[in-house]
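K.L.:
Take a look at the following structure, please.
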Amino acid sequence: MSNQLLLDTHIWLWFALGMQNKLSTDTVAAIDHSASQGQLQLSVMSIWEISLLAAKESIHLGQPTTDWVAKALSLKGLQLTQLTPEIAIESNQLPGNFHPDPVDRMLVATARCMGFTLLTRDKAILKYAGQGYLAAIKS
């Protein structure tokens with residue numbers, strides 16, 4: 001398992017909003033530890049997903065999306081992982097059977113291509129990880 005933790009979008013959202021009560025103590029400790037080591041990763045696709053959810057009013061950030069994202073990206077130790085051609089291609093060629101959600105596919109592909117461990121509560125991703133296709137930790 002990699003020391004580099006990739007946050008799923010919902011984990012980043014909850015952590016950045018100070019909703020640690022939605023996360024286990026072990027999850028918060030893992031995030032804090034990875035951040036202190038400069039090994040906490042966030043896919044640029046999570047920014048896309050947050051902006052989509054805010055635009056659809058599925059989430060309420062309490063401020064303009066651009067301002068919220070800028071603040072949430074300034075979390076100590078958080079590194080932004082860009083979308084690469086390799087990740088884009090991998091997202092469409094994932095082995096096994098994985099559901100078609102494009103953001104989940106991009107996050108899984110990012111974890112696989114970069115050797116990151118994905119921190120998530122998503123059952124489909126955890127099931128896929130359980131089949132040996134990626135490293136993931138249940139939050």
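Residues in the structure tokens are numbered from 1 in each chain, the chains being A, B, ... in the order shown, and ligands are numbered from 1 in the order shown.
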What's the 12 Å shell around A:Leu52, counting only C-alpha atoms, without same-chain residues fewer than 6 positions away, as a VMD selection string?
P.N.:
chain A and resid 9 45 to 46 58 to 60 65 to 66 103
K.L.:
If you run DSSP over the backbone, which residues in stretch 75-133 of chain A end up alpha helix (DSSP H)? Put them as a VMD selection string.
P.N.:
chain A and resid 85 to 91 102 to 114 123 to 130
K.L.:
With only C-alpha atoms as the atoms that count, which of A:Ala29, A:Leu40, A:Ala111, A:Ala70 lies nearest to A:Glu90?
P.N.:
A:Ala111
K.L.:
Quick one: residues within 12 Å of A:Leu83, only C-alpha atoms counted, chain neighbours fewer than 3 positions away excluded, as a compact mmCIF listing (two decimals) with C-alpha atoms, in the first residue's frame?
P.N.:
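Output file part-v8.txt is given in full below:
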# COMPACT_ATOMS: atom_id res chain seq x y z
CA LEU A 42 -6.32 15.26 -4.62
CA SER A 43 -7.31 14.67 -8.23
CA VAL A 44 -8.22 17.71 -10.29
CA MET A 45 -11.36 15.68 -11.15
CA SER A 46 -12.58 16.21 -7.58
CA ILE A 47 -12.62 19.95 -8.23
CA TRP A 48 -14.69 19.31 -11.35
CA LEU A 80 -3.08 18.50 -6.58
CA GLU A 86 -2.19 7.97 -19.18
CA ILE A 87 -4.88 8.45 -16.53
CA ALA A 88 -7.49 9.45 -19.12
CA ILE A 89 -6.77 6.31 -21.16
CA GLU A 90 -6.62 4.04 -18.10
CA SER A 91 -10.05 5.29 -16.97
CA VAL A 103 -15.32 10.70 -11.92
CA MET A 106 -10.84 8.88 -13.18
CA LEU A 107 -10.10 8.57 -9.45
CA ALA A 109 -7.32 5.33 -12.77
CA THR A 110 -5.36 8.04 -10.94
CA ALA A 111 -4.76 5.76 -7.97
CA CYS A 113 -1.42 4.97 -12.52
CA MET A 114 0.22 6.95 -9.72
K.L.:
Work out how far atom CA of A:Leu78 is from atom CA of A:Gly38, in Å to one decimal.
P.N.:
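If I compute the distance from atom CA of A:Gly38 to atom CA of A:Leu78, I get 6.6 Å.
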K.L.:
Between atom CA of A:Ile50 and atom CA of A:Tyr128, measure the distance and give it in Å to one decimal.
P.N.:
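Interatomic distance, atom CA of A:Ile50 to atom CA of A:Tyr128: 23.2 Å.
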K.L.:
Could you name the residues that touch A:His33 at 10 Å or less, counting only C-alpha atoms, but leaving out those on the same chain fewer than 5 positions away, as a compact mmCIF listing (two decimals) with C-alpha atoms, in the first residue's frame?
P.N.:
# COMPACT_ATOMS: atom_id res chain seq x y z
CA ASN A 3 2.07 6.15 1.60
CA LEU A 5 -3.26 8.96 -0.02
CA THR A 27 -9.40 8.40 8.78
CA VAL A 28 -8.71 11.84 10.24
CA GLY A 38 3.34 16.03 1.99
CA GLN A 39 1.74 12.82 0.73
CA LEU A 40 -1.92 13.83 0.61
CA GLY A 77 0.23 19.14 2.76
K.L.:
Would you return as a list in words the members of stretch 4-134 of chain A that DSSP assigns to strand (DSSP E) on this structure's backbone?
P.N.:
Leu5, Leu6, Leu7, Leu40, Gln41, Leu42, Ser43, Leu78, Gln79, Leu80, Thr81, Thr117, Leu118, Leu119 and Thr120 of chain A
K.L.:
Between A:Val69, A:Ala30, A:Ala124, A:Ile11, which one has atoms that come closest to A:Asn97, using only C-alpha atoms?
P.N.:
A:Ala124
K.L.:
Any idea what's packed within 9 Å of A:Leu94, counting only C-alpha atoms, ignoring anything in its chain fewer than 6 positions away? Could you give it as a compact mmCIF listing (two decimals) with C-alpha atoms, in the first residue's frame?
P.N.:
# COMPACT_ATOMS: atom_id res chain seq x y z
CA ARG A 105 -13.27 5.93 -13.07
CA VAL A 108 -9.52 4.82 -9.71
CA ALA A 109 -7.32 5.33 -12.77
CA TYR A 133 -7.44 -3.86 -8.84
K.L.:
Mind pulling up the distance from atom CA of A:Pro95 to atom CA of A:Gln131?
P.N.:
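Straight-line distance from atom CA of A:Gln131 to atom CA of A:Pro95 works out to 10.3 Å.
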K.L.:
Using only C-alpha atoms, can you tell me which of A:Gly132, A:Ala35, A:Gln41, A:Pro100 comes closest to A:Phe116?
P.N.:
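The shortest atom-to-atom distance to A:Phe116 comes from A:Gln41.
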K.L.:
Please identify every residue of stretch 75-125 of chain A that has at least one atom no farther than 10 Å from an atom of stretch 12-21 of chain A, counting only C-alpha atoms, and for each give the shortest atom pair and the distance in Å to one decimal, arranged by chain then increasing number, as JSON lines.
P.N.:
{"residue": "A:Leu75", "atom": "CA", "partner": "A:Ala16", "partner_atom": "CA", "distance": 7.7}
{"residue": "A:Leu119", "atom": "CA", "partner": "A:Trp12", "partner_atom": "CA", "distance": 9.6}
{"residue": "A:Thr120", "atom": "CA", "partner": "A:Trp12", "partner_atom": "CA", "distance": 9.7}
